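**Q** Sending over target.txt (compact mmCIF, C-alpha atoms).
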# COMPACT_ATOMS: atom_id res chain seq x y z
CA MET A 1 7.32 -2.17 2.70
CA ALA A 2 10.61 -2.98 0.99
CA ALA A 3 10.83 -6.19 3.04
CA HIS A 4 7.53 -7.39 1.55
CA HIS A 5 8.32 -6.64 -2.08
CA HIS A 6 8.97 -10.27 -3.03
CA LEU A 7 5.41 -11.13 -1.90
CA PHE A 8 4.00 -8.53 -4.29
CA GLU A 9 6.18 -9.92 -7.06
CA GLN A 10 4.90 -13.44 -6.43
CA LEU A 11 1.34 -12.15 -6.88
CA GLY A 12 2.26 -10.32 -10.08
CA VAL A 13 1.68 -6.94 -8.45
CA LYS A 14 3.60 -3.83 -9.47
CA VAL A 15 4.40 -1.51 -6.58
CA LEU A 16 4.66 2.24 -7.03
CA ALA A 17 5.53 4.51 -4.10
CA ILE A 18 4.75 8.19 -4.45
CA SER A 19 5.34 11.38 -2.50
CA THR A 20 5.51 15.08 -3.27
CA ASP A 21 9.31 15.01 -2.92
CA SER A 22 11.56 15.61 -5.94
CA VAL A 23 13.37 12.80 -7.76
CA PHE A 24 16.57 14.32 -6.38
CA SER A 25 15.33 13.76 -2.86
CA HIS A 26 14.20 10.24 -3.83
CA LYS A 27 17.69 9.46 -5.13
CA ILE A 28 19.46 10.47 -1.95
CA PHE A 29 16.77 8.84 0.17
CA ALA A 30 17.28 5.55 -1.69
CA GLU A 31 21.04 5.85 -1.37
CA VAL A 32 21.39 6.74 2.30
CA SER A 33 18.31 5.63 4.22
CA PRO A 34 18.66 2.13 5.71
CA SER A 35 14.94 1.53 5.17
CA ALA A 36 15.00 2.74 1.56
CA ARG A 37 18.27 1.19 0.43
CA SER A 38 16.61 -2.13 -0.36
CA VAL A 39 13.70 -0.55 -2.27
CA GLN A 40 13.10 -2.48 -5.50
CA TYR A 41 10.23 -0.40 -6.85
CA PRO A 42 10.02 3.08 -8.38
CA LEU A 43 9.74 6.15 -6.16
CA LEU A 44 7.47 8.57 -8.00
CA SER A 45 7.70 12.33 -7.64
CA ASP A 46 4.43 14.26 -7.47
CA ARG A 47 6.08 17.63 -7.31
CA THR A 48 3.09 19.48 -8.78
CA HIS A 49 0.72 17.76 -6.27
CA ARG A 50 -1.52 16.93 -9.23
CA ILE A 51 -1.58 13.18 -8.58
CA SER A 52 -2.19 13.53 -4.85
CA LEU A 53 -4.99 15.98 -5.61
CA ASP A 54 -6.53 13.68 -8.23
CA TYR A 55 -6.57 10.82 -5.73
CA GLY A 56 -7.90 13.06 -2.97
CA VAL A 57 -5.02 12.43 -0.57
CA LEU A 58 -3.20 15.79 -0.53
CA ARG A 59 -2.83 17.61 2.76
CA GLU A 60 -3.01 21.10 1.37
CA GLU A 61 -1.80 22.80 4.56
CA SER A 62 1.55 21.03 4.30
CA GLY A 63 1.86 19.99 0.64
CA VAL A 64 2.37 16.34 1.49
CA ALA A 65 0.18 13.31 0.92
CA PHE A 66 -1.58 11.27 3.54
CA ARG A 67 -0.26 7.76 3.97
CA ALA A 68 -2.71 6.21 1.51
CA THR A 69 -2.93 2.90 -0.29
CA PHE A 70 -4.78 2.06 -3.51
CA ILE A 71 -5.07 -1.35 -5.13
CA VAL A 72 -5.71 -1.07 -8.87
CA ALA A 73 -6.88 -4.10 -10.85
CA PRO A 74 -5.85 -4.87 -14.44
CA GLY A 75 -7.94 -2.53 -16.56
CA GLY A 76 -7.57 0.35 -14.13
CA GLU A 77 -10.41 -0.11 -11.66
CA VAL A 78 -9.63 0.82 -8.07
CA LYS A 79 -10.48 -2.13 -5.80
CA TYR A 80 -9.32 -0.82 -2.44
CA SER A 81 -8.44 2.53 -0.97
CA CYS A 82 -7.27 3.37 2.51
CA LEU A 83 -6.04 6.39 4.48
CA TYR A 84 -3.92 5.94 7.57
CA PRO A 85 -3.52 8.40 10.42
CA PRO A 86 -0.15 10.15 10.03
CA GLU A 87 0.91 8.71 13.37
CA VAL A 88 0.63 5.03 12.40
CA GLY A 89 2.39 3.01 9.72
CA ARG A 90 0.83 0.53 7.32
CA ASN A 91 0.10 -3.16 7.75
CA VAL A 92 1.42 -4.48 4.45
CA GLY A 93 0.28 -8.01 5.32
CA GLU A 94 -3.33 -6.91 5.19
CA ILE A 95 -2.84 -5.25 1.79
CA ILE A 96 -1.37 -8.50 0.47
CA ARG A 97 -4.31 -10.46 1.93
CA VAL A 98 -6.77 -8.16 0.15
CA ILE A 99 -4.99 -8.71 -3.18
CA GLN A 100 -4.96 -12.46 -2.58
CA GLY A 101 -8.68 -12.31 -1.79
CA LEU A 102 -9.41 -10.32 -4.96
CA GLN A 103 -7.39 -12.75 -7.07
CA TYR A 104 -9.09 -15.73 -5.37
CA GLU A 105 -12.55 -14.31 -6.00
CA GLU A 106 -11.65 -13.61 -9.61
CA ALA A 107 -10.35 -17.15 -10.14
CA THR A 108 -13.06 -19.10 -8.28
CA GLY A 109 -16.15 -16.90 -8.02
CA PHE A 110 -16.28 -17.65 -4.28
CA GLY A 111 -16.99 -14.90 -1.80
CA VAL A 112 -14.12 -13.92 0.48
CA GLN A 113 -15.31 -13.80 4.04
CA ALA A 114 -14.02 -11.78 6.98
CA GLY A 115 -10.64 -13.00 8.13
CA TRP A 116 -10.14 -15.18 5.03
CA CYS A 117 -6.56 -16.21 4.39
CA PRO A 118 -5.05 -18.07 1.41
CA GLY A 119 -5.71 -21.79 1.62
CA GLN A 120 -9.12 -21.32 3.21
CA GLN A 121 -12.35 -22.10 1.39
CA GLY A 122 -14.36 -19.08 0.31
CA ILE A 123 -18.14 -18.94 0.52
CA ILE A 124 -20.76 -19.54 -2.16
CA LYS A 125 -22.42 -16.28 -3.18
CA ASP A 126 -26.05 -17.28 -3.53
CA PHE A 127 -29.16 -15.57 -2.19
CA SER A 128 -30.57 -18.86 -0.94
CA ARG A 129 -27.68 -19.11 1.48
CA VAL A 130 -28.24 -15.70 3.04
CA GLY A 131 -28.63 -16.10 6.79
CA LYS A 132 -27.07 -19.59 6.81
CA ILE A 133 -23.49 -18.51 7.35
CA MET B 1 -10.88 10.59 -2.42
CA ILE B 2 -10.82 7.88 -5.05
CA LYS B 3 -12.90 4.91 -3.89
CA PRO B 4 -13.35 1.30 -4.92
CA THR B 5 -15.14 0.84 -8.31
CA MET B 6 -13.77 4.18 -9.56
CA LEU B 7 -11.25 4.29 -12.39
CA ALA B 8 -7.74 5.10 -11.16
CA PRO B 9 -6.82 8.59 -12.45
CA ASP B 10 -4.01 8.24 -14.97
CA PHE B 11 -0.73 10.09 -14.53
CA SER B 12 2.72 10.33 -16.00
CA THR B 13 5.50 11.55 -13.77
CA ASP B 14 9.20 11.57 -12.90
CA ALA B 15 10.48 8.70 -10.83
CA TYR B 16 13.64 7.32 -9.31
CA PHE B 17 14.24 3.63 -9.97
CA LEU B 18 17.41 1.63 -9.24
CA GLY B 19 19.77 4.52 -9.81
CA ASN B 20 17.96 6.02 -12.78
CA ARG B 21 15.58 8.86 -13.46
CA ILE B 22 12.64 7.50 -15.44
CA THR B 23 9.06 8.40 -16.37
CA ILE B 24 6.25 6.27 -14.96
CA THR B 25 2.84 6.25 -16.64
CA LEU B 26 0.08 4.46 -14.78
CA SER B 27 -1.82 3.46 -17.92
CA SER B 28 1.19 1.48 -19.12
CA TYR B 29 0.35 -0.97 -16.29
CA ARG B 30 -3.15 -1.73 -17.59
CA LYS B 31 -2.44 -5.47 -17.71
CA ASP B 32 -1.12 -5.60 -14.16
CA TRP B 33 -2.28 -5.38 -10.60
CA VAL B 34 -0.81 -2.20 -9.16
CA VAL B 35 -0.46 -0.97 -5.61
CA LEU B 36 0.01 2.76 -5.13
CA PHE B 37 1.60 3.72 -1.84
CA PHE B 38 1.35 7.42 -1.09
CA TYR B 39 3.62 8.59 1.71
CA ALA B 40 4.33 11.97 3.24
CA SER B 41 8.07 12.49 2.87
CA ASP B 42 11.36 10.83 2.17
CA PHE B 43 13.40 10.20 5.33
CA THR B 44 10.30 9.70 7.46
CA PHE B 45 9.09 6.21 8.28
CA VAL B 46 7.12 4.69 5.42
In C-alpha cells, how does this file's structure come out?

**A**
Amino acid sequence: MAAHHHLFEQLGVKVLAISTDSVFSHKIFAEVSPSARSVQYPLLSDRTHRISLDYGVLREESGVAFRATFIVAPGGEVKYSCLYPPEVGRNVGEIIRVIQGLQYEEATGFGVQAGWCPGQQGIIKDFSRVGKI
Amino acid sequence: MIKPTMLAPDFSTDAYFLGNRITITLSSYRKDWVVLFFYASDFTFV
C-alpha cells in the first residue's frame, strides 16, 4: 500500500487507512514496522467500532474490521466496495485501475470495458451497439 | 455493507499522521476522491 501512495497522489486521491486500533498503537506501528514506516497517509482509529459498523465491515466476534476497500467520489458517493478474505492481501493495482476507469468515464463519457487499462479506448455507450461488441 | 451508489457514511475520528495526533472528518474531503482502506490490526500485513 505505502509503496503505491505516489500513484494515488498523481490521481488526486486521498488515502485513509483505518482499523480499530488506538492512535497510540498506530504511532508505534508507524515508527517501528518496516512496512508502515513509509506510510504517507493518515492511520485512523475506530476505537468505538462505530465506523466499521456503519460501513458493515466489523467482525463482531473479534472487534476488528475485515480487509475492506471503498472508493468514494467527490460529493461522497461510494463507487466501489470490496471485502477480502482475511487470508489474502489486497491488489492495489486493481484499485488504482478502477479509479482511473471512473475518472476516464467521467471525463469522456465512454464505457470502461473489462480489462481496460489507461491509454486504451473505451466503448461507446449506446443501445444501438448492444450485441456488437 | 455499504455498496456502490450509496452515500459514504460520514465520520470524525482520531488519527495518527506523520508524527501527530489529528482529527480526520470524511466530509472535509467532499471535493476529493477518497480511498478508505479498512484493515484488521496494526503489525499484521496490510

**Q** Extract, using all atoms listed in the file, all DNA, RNA and protein residues at most 12 Å from Tyr16 in chain B, discarding same-chain residues fewer than 2 positions from it, and format them as a short mmCIF file (atom, residue, chain, number, x, y, z; two decimals) with C-alpha atoms, in the coordinates of the input.

**A**
data_model
loop_
_atom_site.label_atom_id
_atom_site.label_comp_id
_atom_site.auth_asym_id
_atom_site.auth_seq_id
_atom_site.Cartn_x
_atom_site.Cartn_y
_atom_site.Cartn_z
CA LEU A 16 4.66 2.24 -7.03
CA ALA A 17 5.53 4.51 -4.10
CA ILE A 18 4.75 8.19 -4.45
CA SER A 19 5.34 11.38 -2.50
CA ASP A 21 9.31 15.01 -2.92
CA SER A 22 11.56 15.61 -5.94
CA VAL A 23 13.37 12.80 -7.76
CA PHE A 24 16.57 14.32 -6.38
CA SER A 25 15.33 13.76 -2.86
CA HIS A 26 14.20 10.24 -3.83
CA LYS A 27 17.69 9.46 -5.13
CA ILE A 28 19.46 10.47 -1.95
CA PHE A 29 16.77 8.84 0.17
CA ALA A 30 17.28 5.55 -1.69
CA GLU A 31 21.04 5.85 -1.37
CA ALA A 36 15.00 2.74 1.56
CA VAL A 39 13.70 -0.55 -2.27
CA GLN A 40 13.10 -2.48 -5.50
CA TYR A 41 10.23 -0.40 -6.85
CA PRO A 42 10.02 3.08 -8.38
CA LEU A 43 9.74 6.15 -6.16
CA LEU A 44 7.47 8.57 -8.00
CA SER A 45 7.70 12.33 -7.64
CA ASP A 46 4.43 14.26 -7.47
CA THR B 13 5.50 11.55 -13.77
CA ASP B 14 9.20 11.57 -12.90
CA LEU B 18 17.41 1.63 -9.24
CA GLY B 19 19.77 4.52 -9.81
CA ASN B 20 17.96 6.02 -12.78
CA ARG B 21 15.58 8.86 -13.46
CA ILE B 22 12.64 7.50 -15.44
CA THR B 23 9.06 8.40 -16.37
CA ILE B 24 6.25 6.27 -14.96
#

**Q** Given a cut-off of 7 Å, which residues of chain B touch chain A, counting all atoms listed in the file, written out as a ChimeraX atom specification?

**A** /B:1-9,11,13-17,30-43,46

**Q** Suppose you want the space between CA of Leu102 in chain A and CA of Thr25 in chain B; what is it in Å?

**A**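 CA of Thr25 in chain B lies 23.7 Å from CA of Leu102 in chain A.
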
**Q** Could you tell me how far CA of Glu105 in chain A sits from CA of Asn91 in chain A, in Å to one decimal place?

**A**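 Distance between the two atoms: 21.8 Å.
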
**Q** Between CA of Gly101 in chain A and CA of Gly119 in chain A, what is the spacing in Å?

**A**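 Going from CA of Gly119 in chain A over to CA of Gly101 in chain A covers 10.5 Å.
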
**Q** Using all atoms listed in the file, which of A:His49, A:Cys117, A:Gly122, A:Gln100 sits nearest Gln10 in chain A?

**A**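 Nearest candidate to Gln10 in chain A out of A:His49, A:Cys117, A:Gly122, A:Gln100: A:Gln100.
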
**Q** For range 16-45 of chain A, which lacks atoms in the input, supply N, CA and C atoms and format the output as a PDB file, keeping the file's coordinate frame.

**A**
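And here is the file that came out, selection_2.pdb:
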ATOM      1  N   LEU A  16       4.203   0.887  -6.755  1.00  0.00           N
ATOM      2  CA  LEU A  16       4.660   2.240  -7.030  1.00  0.00           C
ATOM      3  C   LEU A  16       4.502   3.052  -5.753  1.00  0.00           C
ATOM      4  N   ALA A  17       5.597   3.647  -5.275  1.00  0.00           N
ATOM      5  CA  ALA A  17       5.530   4.510  -4.100  1.00  0.00           C
ATOM      6  C   ALA A  17       5.598   5.954  -4.576  1.00  0.00           C
ATOM      7  N   ILE A  18       4.864   6.830  -3.932  1.00  0.00           N
ATOM      8  CA  ILE A  18       4.750   8.190  -4.450  1.00  0.00           C
ATOM      9  C   ILE A  18       4.666   9.201  -3.318  1.00  0.00           C
ATOM     10  N   SER A  19       5.438  10.277  -3.453  1.00  0.00           N
ATOM     11  CA  SER A  19       5.340  11.380  -2.500  1.00  0.00           C
ATOM     12  C   SER A  19       5.520  12.680  -3.287  1.00  0.00           C
ATOM     13  N   THR A  20       5.356  13.786  -2.602  1.00  0.00           N
ATOM     14  CA  THR A  20       5.510  15.080  -3.270  1.00  0.00           C
ATOM     15  C   THR A  20       6.974  15.545  -3.292  1.00  0.00           C
ATOM     16  N   ASP A  21       7.885  14.685  -2.832  1.00  0.00           N
ATOM     17  CA  ASP A  21       9.310  15.010  -2.920  1.00  0.00           C
ATOM     18  C   ASP A  21       9.798  14.991  -4.374  1.00  0.00           C
ATOM     19  N   SER A  22      10.950  15.618  -4.606  1.00  0.00           N
ATOM     20  CA  SER A  22      11.560  15.610  -5.940  1.00  0.00           C
ATOM     21  C   SER A  22      12.268  14.282  -6.192  1.00  0.00           C
ATOM     22  N   VAL A  23      12.585  14.000  -7.461  1.00  0.00           N
ATOM     23  CA  VAL A  23      13.370  12.800  -7.760  1.00  0.00           C
ATOM     24  C   VAL A  23      14.777  12.906  -7.173  1.00  0.00           C
ATOM     25  N   PHE A  24      15.245  14.120  -6.975  1.00  0.00           N
ATOM     26  CA  PHE A  24      16.570  14.320  -6.380  1.00  0.00           C
ATOM     27  C   PHE A  24      16.561  13.842  -4.924  1.00  0.00           C
ATOM     28  N   SER A  25      15.505  14.229  -4.234  1.00  0.00           N
ATOM     29  CA  SER A  25      15.330  13.760  -2.860  1.00  0.00           C
ATOM     30  C   SER A  25      15.182  12.239  -2.834  1.00  0.00           C
ATOM     31  N   HIS A  26      14.390  11.705  -3.770  1.00  0.00           N
ATOM     32  CA  HIS A  26      14.200  10.240  -3.830  1.00  0.00           C
ATOM     33  C   HIS A  26      15.548   9.527  -4.001  1.00  0.00           C
ATOM     34  N   LYS A  27      16.390  10.097  -4.853  1.00  0.00           N
ATOM     35  CA  LYS A  27      17.690   9.460  -5.130  1.00  0.00           C
ATOM     36  C   LYS A  27      18.525   9.354  -3.854  1.00  0.00           C
ATOM     37  N   ILE A  28      18.644  10.476  -3.157  1.00  0.00           N
ATOM     38  CA  ILE A  28      19.460  10.470  -1.950  1.00  0.00           C
ATOM     39  C   ILE A  28      18.817   9.603  -0.872  1.00  0.00           C
ATOM     40  N   PHE A  29      17.501   9.688  -0.773  1.00  0.00           N
ATOM     41  CA  PHE A  29      16.770   8.840   0.170  1.00  0.00           C
ATOM     42  C   PHE A  29      17.107   7.370  -0.071  1.00  0.00           C
ATOM     43  N   ALA A  30      17.033   6.958  -1.342  1.00  0.00           N
ATOM     44  CA  ALA A  30      17.280   5.550  -1.690  1.00  0.00           C
ATOM     45  C   ALA A  30      18.738   5.176  -1.426  1.00  0.00           C
ATOM     46  N   GLU A  31      19.619   6.158  -1.539  1.00  0.00           N
ATOM     47  CA  GLU A  31      21.040   5.850  -1.370  1.00  0.00           C
ATOM     48  C   GLU A  31      21.478   5.800   0.101  1.00  0.00           C
ATOM     49  N   VAL A  32      20.863   6.631   0.934  1.00  0.00           N
ATOM     50  CA  VAL A  32      21.390   6.740   2.300  1.00  0.00           C
ATOM     51  C   VAL A  32      20.495   6.148   3.384  1.00  0.00           C
ATOM     52  N   SER A  33      19.194   6.079   3.144  1.00  0.00           N
ATOM     53  CA  SER A  33      18.310   5.630   4.220  1.00  0.00           C
ATOM     54  C   SER A  33      18.361   4.106   4.344  1.00  0.00           C
ATOM     55  N   PRO A  34      18.630   3.591   5.542  1.00  0.00           N
ATOM     56  CA  PRO A  34      18.660   2.130   5.710  1.00  0.00           C
ATOM     57  C   PRO A  34      17.360   1.477   5.273  1.00  0.00           C
ATOM     58  N   SER A  35      16.228   2.145   5.522  1.00  0.00           N
ATOM     59  CA  SER A  35      14.940   1.530   5.170  1.00  0.00           C
ATOM     60  C   SER A  35      14.663   1.612   3.680  1.00  0.00           C
ATOM     61  N   ALA A  36      15.276   2.554   2.990  1.00  0.00           N
ATOM     62  CA  ALA A  36      15.000   2.740   1.560  1.00  0.00           C
ATOM     63  C   ALA A  36      16.031   2.078   0.664  1.00  0.00           C
ATOM     64  N   ARG A  37      17.171   1.690   1.248  1.00  0.00           N
ATOM     65  CA  ARG A  37      18.270   1.190   0.430  1.00  0.00           C
ATOM     66  C   ARG A  37      17.899  -0.090  -0.318  1.00  0.00           C
ATOM     67  N   SER A  38      16.995  -0.871   0.267  1.00  0.00           N
ATOM     68  CA  SER A  38      16.610  -2.130  -0.360  1.00  0.00           C
ATOM     69  C   SER A  38      15.375  -1.997  -1.252  1.00  0.00           C
ATOM     70  N   VAL A  39      14.930  -0.764  -1.494  1.00  0.00           N
ATOM     71  CA  VAL A  39      13.700  -0.550  -2.270  1.00  0.00           C
ATOM     72  C   VAL A  39      13.892  -1.014  -3.716  1.00  0.00           C
ATOM     73  N   GLN A  40      13.008  -1.892  -4.160  1.00  0.00           N
ATOM     74  CA  GLN A  40      13.100  -2.480  -5.500  1.00  0.00           C
ATOM     75  C   GLN A  40      11.982  -2.004  -6.414  1.00  0.00           C
ATOM     76  N   TYR A  41      11.335  -0.906  -6.046  1.00  0.00           N
ATOM     77  CA  TYR A  41      10.230  -0.400  -6.850  1.00  0.00           C
ATOM     78  C   TYR A  41      10.438   1.093  -7.071  1.00  0.00           C
ATOM     79  N   PRO A  42       9.801   1.654  -8.075  1.00  0.00           N
ATOM     80  CA  PRO A  42      10.020   3.080  -8.380  1.00  0.00           C
ATOM     81  C   PRO A  42       9.486   3.995  -7.274  1.00  0.00           C
ATOM     82  N   LEU A  43      10.197   5.077  -7.042  1.00  0.00           N
ATOM     83  CA  LEU A  43       9.740   6.150  -6.160  1.00  0.00           C
ATOM     84  C   LEU A  43       9.303   7.302  -7.054  1.00  0.00           C
ATOM     85  N   LEU A  44       8.020   7.564  -7.086  1.00  0.00           N
ATOM     86  CA  LEU A  44       7.470   8.570  -8.000  1.00  0.00           C
ATOM     87  C   LEU A  44       7.446   9.935  -7.335  1.00  0.00           C
ATOM     88  N   SER A  45       7.696  10.957  -8.140  1.00  0.00           N
ATOM     89  CA  SER A  45       7.700  12.330  -7.640  1.00  0.00           C
ATOM     90  C   SER A  45       6.439  13.058  -8.111  1.00  0.00           C
TER      91      SER A  45
END
